[in-house]
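Remarks on the structure that follows.
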Amino acid sequence: MAERITTRDDTILLDVRGLKKWFPIQKGLLKRVVGNVKAVDDVNFYLRDGETLGLVGESGCGKTTASRTVIRLYDPTAGSATYRTALFSKDGKDERVNLFDLTKEQMTRVRREISMVFQDPVNSLNPRMSVFDIVSEPMVIHGMPKGPEMEESVIRLLERVGLRREHVRRYPHEFSGGQRQRIGIARALSLNPKIIFCDEPVSALDVSIQAQTLNLLQDLQKDFNLAYVFVAHDLSVVQHISDRVAVMYVGKIAETASSDDLYNEPLHPYTEALMSSVPKPDPLYKSARIIMQGEIADPSNPPSGCYFHPRCRYAKDICSQKAPEYRELKPDHWVACHRAEELKLQGV
Amino acid sequence: MSEPLLEIKDLRVDFEVRDGTIHGVDGVTYTVNLGETLGVIGESGCGKSVTAKAAMQMVAKPGKITQGEILYHRRSKFDPSKPAEVVNITKLDPDGETIRTIRGGEFAMIFQEPMSSLTPVYTAGTLIGEALNLHRLIPVTVGEQMTQKIMKYRPVTKQEAREIAIEMLQKVGIPKPHERVDSYPHQLSGGQRQRVMIAIALSCQPFMLIADEPTTALDVSIEAQILDLMRELQETTDMAIMFITHNLGVVAEMSKDICVMYMGKQVEQSSTVNIFYEPKHPYTRALLQSIPKVGKRSSDRLASIKGMVPDPFHLPTGCVFHPRCPEFMPGKCDRIVPNYVEAEPGHWVRCLLYENV
C-alpha cells in the first residue's frame with residue numbers, strides 16, 4: 001500500500017493509511033461474532049501543515065468514526081496513522097510516529113497537539129463546570145501550574161475567540177449556542193495544538209452564527225498555523241472552509257481533491273450526484289439534479305464490487321464485480337471509480 | 001388568479017412567563033394561496049413555527065393568540081362548486097369539533113423529526129389508518145332525485161383503510177408497500193419515516209400542508225428525493241404548502257413567495273426571485289450573504305451578521321434589528337418603530353430605509 005501514495009513530502013503532518021474500524025456484531029449467550037459493521041474500511045488520507053481537510057458524506061458513512069479512530073477514541077482494527085512530532089525525540093527534531101503504536105501515556109502527550117471540537121455545543125460542555133474550569137481542564141491534566149498565570153491564559157483564549165473577560169466565572173447554560181461553541185473552541189486551543197478535529201462544529205448553529213464561527217475558525221488557523229480535519233455533511237460549508245475535501249461513502253473514500261477541483265471537475269459519480277442534490281440558494285438556477293435512487297448501503301452487508309454501484313447511473317458490469325482501486329488520477333486528486341478516466345462528469 | 005386559502009392578518013401570539021411577556025409572533029400578515037408554496041424563513045426562535053401552529057389553533061401553553069385573525073376559506077371536499085365559507089380560526093375553540101375536522105383533515109402537518117413524531121408501537125399501516133379513520137369519508141349514493149344524486153358519507157372500513165395506506169405508501173415511493181405497511185417506525189430508515197409522515201399527512205387529501213423543517217434531519221440525497229416528491233404531489237393535488245425552514249437553498253427551490261421573519265416580526269415578503277435578487281431589508285441581505293455557496297468561492301471570509309439574536313425580554317427600541325444592522329441610522333432606527341410598507345408592488349418590507357422619516 002505504501003507505494004500507492006506518491007504525493008509525499010515533509011509538509012505532511014498526519015498520514016493515515018489503510019485505516020479500518022470494524023464493530024463486531026455479537027449474537028447469543030456466548031457473544032459469538034456473526035458479522036462486522038465495517039464503519040471505516042480502508043481509508044487513506046493525509047493532512048499537511050496548516051491546511052484544512054474536509055470530510056463529507058451522508059450520515060452513517062463513517063466520517064465521524066474515521067476521525068475518532070485516528071485520535072484513538074476508538075481502537076483501530078487495522079491501519080496506521082503516521083504523525084510528525086518532536087514530542088518524543090531527544091534532540092527536539094521532528095520524527096514520525098505511528099499513533100496506533102503508542103502507549104496510553106504517550107498518547108496522552110500527543111493529545112496536547114491534537115484536539116477536538118464537537119458537534120453539539122450543549123452536551124459537550126459539563127453544565128456543572130464554569131467556563132474557567134472547562135477551558136483550563138486540559139492545562140491541569142497536562143500538569144501546568146494553577147494560579148494567576150493560568151487564569152490569564154484562559155482569559156486570553158476567551159478574548160481570542162470573541163468572548164469577554166467577565167465570562168470566565170459563568171456556567172454553560174448562561175450562553176447561547178454560538179457562544180458555547182466558542183467555549184468549545186477555546187478549550188480545544190488551550191494546549192496550543194497543531195491539529196484540531198472539528199466534528200460538525202457548525203451544524204447546530206443558525207446561519208448568521210454559523211458564518212461568525214466559520215470566520216473565527218479561519219482566523220485562528222492563520223494565527224496559529226493550525227491544521228483542521230473538518231467533518232461535516234453540509235457541502236457548501238465544507239467547500240468554503242476546506243483546502244482539500246475527501247468524500248466518503250459507506251466506510252470508504254470515494255474521492256479526494258482540492259476544494260475547487262472537486263466542485264468543478266468531480267471524477268466520482270457519487271460526488272457529482274451529491275453536489276447536484278444540494279439545493280442552491282438561487283431561484284433561477286436551472287438544476288440538472290441527479291436524484292440518487294434508494295438509500296445509502298448497509299455497512300454490515302455492503303453490495304459487491306463498488307459499494308455505490310446500485311445507486312450509480314453509470315454502473316457497468318465491472319462495477320458490481322470488482323472493488324475499484326483508490327488511485328491518484330491527477331496530482332492530489334484521488335478517486336476510487338472504475339470509469340473515472342472515461343466519464344465526463346458535471347461540476348457545480 | 002390565485003385563490004386565497006388562508007389569510008393571516010396582524011396575528012400576535014404572546015407567551016406569558018414568569019419573567020414577563022414574550023411576543024412570539026408580532027403582527028404577522030400573510031396569505032397562502034391554493035396550489036402555491038409560501039416559504040417562511042428565519043433563524044431559530046423567530047416565530048415561524050408558532051405562526052404555523054396558530055393556523056391550526058394549537059399554540060402550546062403558555063402561548064396565546066392575543067390579536068389578529070386567521071381567515072380560512074373553507075371549501076367542501078366533495079363539492080368544489082360550492083362557494084367557500086370563511087372561518088376565523090382564532091375564534092374557534094381549540095378542542096372543538098370544527099377545528100378537529102380541519103386539523104389533519106383539511107390542514108395536514110409534517111414535522112422536522114421523523115423519529116419522534118411517529119409512535120414507535122404502531123405500524124405504518126396503523127398510523128395512516130388512524131388518520132383515515134378520523135378524517136376520510138367515502139361518498140355513497142343513497143338515491144336519486146331528478147338529476148341530483150343524494151349522497152351520504154360513511155367512514156372508511158378497516159379493510160379500505162389498509163388498501164388506501166398501501167396505495168399512499170406506493171405514492172410516496174416506498175419500495176414494497178405491501179410489506180412495508182406492517183413495518184414499525186424503527187424498521188424504517190430516516191427518509192422512509194419522513195415518507196410515512198408525508199403519507200399520513202396526504203392520506204386525507206388536505207387543502208394545505210404545513211411542512212415544518214421537513215428535510216432538516218435528512219441527508220442531501222434523501223432531501224432531494226423528498227422535495228421532488230412534495231412538488232410532484234402538489235402538482236397533482238393542487239394543495240397549498242406552507243414551507244417553514246431555515247435553509248435558503250431549499251426555500252429557493254420550493255417556494256413561489258417568501259416571507260422572512262426576525263424576532264416574531266415579518267421583515268420582508270415578496271416573490272422568491274425578488275427576495276433572492278433584490279432583497280430590500282438589511283437582514284435579508286445579510287442572511288443571503290452569510291451562507292457559503294457551493295461552487296462559488298468568491299472571498300475567503302463570509303459576511304456575517306454581527307452580534308446575536310437579542311434577548312426576547314429586552315428587545316431593542318425602535319427597529320428590533322438595529323443593533324446588528326449594517327445600515328443603522330442613529331437617531332432614527334433606535335427610536336422609530338418601522339411600519340410594514342409596500343416598497344414596490346408586491347414587495348413588502350419593514351424598514352425605515354423605505355419610509356420617509
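Going through the C-alpha cells in order, the chains are called A, B, and so on, while each chain numbers its residues from 1 and the ligands are numbered from 1 in the order shown.
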
- Query: chain A residues within 10 Å of chain B, counting only C-alpha atoms: which ones, as a ChimeraX atom specification?
  - Reply: /A:57-59,176,178-179,205-216,218-219,233-241,259-264,273-287,289-296,347-348

- For stretch 110-113 of chain B, please output as a ChimeraX atom specification all residues within 7 Å (counting only C-alpha atoms; exclusion window: fewer than 2 positions along the same chain). /B:108,115-117,197-198,201,210-217

Atoms to include: N, CA and C atoms. Write the selected residues as a compact mmCIF listing (two decimals), in the first residue's frame.
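Listing of selection_21.txt after writing:
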# COMPACT_ATOMS: atom_id res chain seq x y z
N ALA B 108 -52.85 19.55 6.90
CA ALA B 108 -52.01 18.49 7.43
C ALA B 108 -50.66 19.07 7.76
N MET B 115 -38.35 10.64 13.59
CA MET B 115 -38.32 9.55 14.57
C MET B 115 -39.29 9.83 15.70
N SER B 116 -39.23 11.04 16.25
CA SER B 116 -40.03 11.28 17.45
C SER B 116 -41.47 11.63 17.11
N SER B 117 -41.80 11.88 15.85
CA SER B 117 -43.19 12.22 15.58
C SER B 117 -44.03 11.01 15.15
N MET B 197 -44.55 9.88 7.16
CA MET B 197 -45.17 11.12 7.67
C MET B 197 -45.95 11.81 6.57
N ILE B 198 -45.33 11.91 5.40
CA ILE B 198 -46.00 12.58 4.29
C ILE B 198 -47.22 11.78 3.87
N ALA B 201 -49.94 12.54 6.26
CA ALA B 201 -50.45 13.89 6.05
C ALA B 201 -51.33 13.96 4.81
N ILE B 210 -48.71 21.94 5.99
CA ILE B 210 -47.75 22.76 6.72
C ILE B 210 -46.52 21.91 6.95
N ALA B 211 -45.44 22.26 6.30
CA ALA B 211 -44.22 21.47 6.41
C ALA B 211 -43.23 22.25 7.26
N ASP B 212 -43.02 21.79 8.48
CA ASP B 212 -42.13 22.49 9.40
C ASP B 212 -40.76 21.83 9.37
N GLU B 213 -39.84 22.40 8.66
CA GLU B 213 -38.49 21.86 8.51
C GLU B 213 -38.53 20.38 8.13
N PRO B 214 -39.19 20.00 7.04
CA PRO B 214 -39.39 18.58 6.78
C PRO B 214 -38.12 17.84 6.39
N THR B 215 -37.09 18.53 5.95
CA THR B 215 -35.91 17.82 5.46
C THR B 215 -34.67 18.12 6.27
N THR B 216 -34.79 18.88 7.34
CA THR B 216 -33.60 19.30 8.08
C THR B 216 -32.82 18.13 8.64
N ALA B 217 -33.52 17.07 9.07
CA ALA B 217 -32.81 15.95 9.69
C ALA B 217 -32.33 14.93 8.65

- atom CA of B:Pro310 to atom CA of A:Ser203 measures 21.0 Å

- Item | strand (DSSP E) per DSSP on the backbone: members of stretch 162-254 of chain B, as a list in words |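 Those residues are Met208, Leu209, Ile210, Ala211, Asp212, Ala240, Ile241, Met242, Phe243, Ile244 and Thr245 of chain B.
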
Write the residues of the preceding selection, restricted to C-alpha atoms, as a PDB file, in the first residue's frame.
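The resulting file, result-v6.pdb, is shown below:
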ATOM      1  CA  MET B 208     -52.959  22.736   2.878  1.00  0.00           C
ATOM      2  CA  LEU B 209     -49.766  21.095   4.004  1.00  0.00           C
ATOM      3  CA  ILE B 210     -47.753  22.763   6.720  1.00  0.00           C
ATOM      4  CA  ALA B 211     -44.215  21.469   6.406  1.00  0.00           C
ATOM      5  CA  ASP B 212     -42.132  22.493   9.403  1.00  0.00           C
ATOM      6  CA  ALA B 240     -51.127  24.786  -0.770  1.00  0.00           C
ATOM      7  CA  ILE B 241     -47.865  24.327   1.091  1.00  0.00           C
ATOM      8  CA  MET B 242     -46.560  26.439   3.915  1.00  0.00           C
ATOM      9  CA  PHE B 243     -42.886  25.606   3.946  1.00  0.00           C
ATOM     10  CA  ILE B 244     -41.062  26.552   7.108  1.00  0.00           C
ATOM     11  CA  THR B 245     -37.303  26.269   7.008  1.00  0.00           C
TER      12      THR B 245
END

- Message: as a list in words, please: the residues near B:Val260 (cut-off 6 Å, only C-alpha atoms, same-chain neighbours under 6 positions excluded).
- Response: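 Counting only C-alpha atoms, the residues come to Val40, Ile41, Gly42, Gln266, Val267 and Glu268 of chain B.
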
- Item | Which of stretch 17-259 of chain B DSSP labels alpha helix (DSSP H), written as a PyMOL selection string | chain B and resi 48-55+97-102+124-135+158-171+177-180+190-203+220-237+248-254

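If only C-alpha atoms are the atoms counted, then among B:Ile89, B:Thr101, B:Leu352, B:Glu344 the closest residue to B:Lys332 is B:Leu352.
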
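Distances to A:Asn192 were evaluated for A:Pro138, A:Gly251, A:Pro331, A:Gly28 using only C-alpha atoms, and the minimum falls at A:Pro138.
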
- Task: List the neighbours of A:Thr256 out to 8 Å using only C-alpha atoms; skip same-chain residues closer than 2 positions along the sequence, and give me the result as JSON, numbers by chain.
- Result: {"A": [244, 245, 246, 247, 253, 254, 258, 262, 332, 333, 334, 335]}
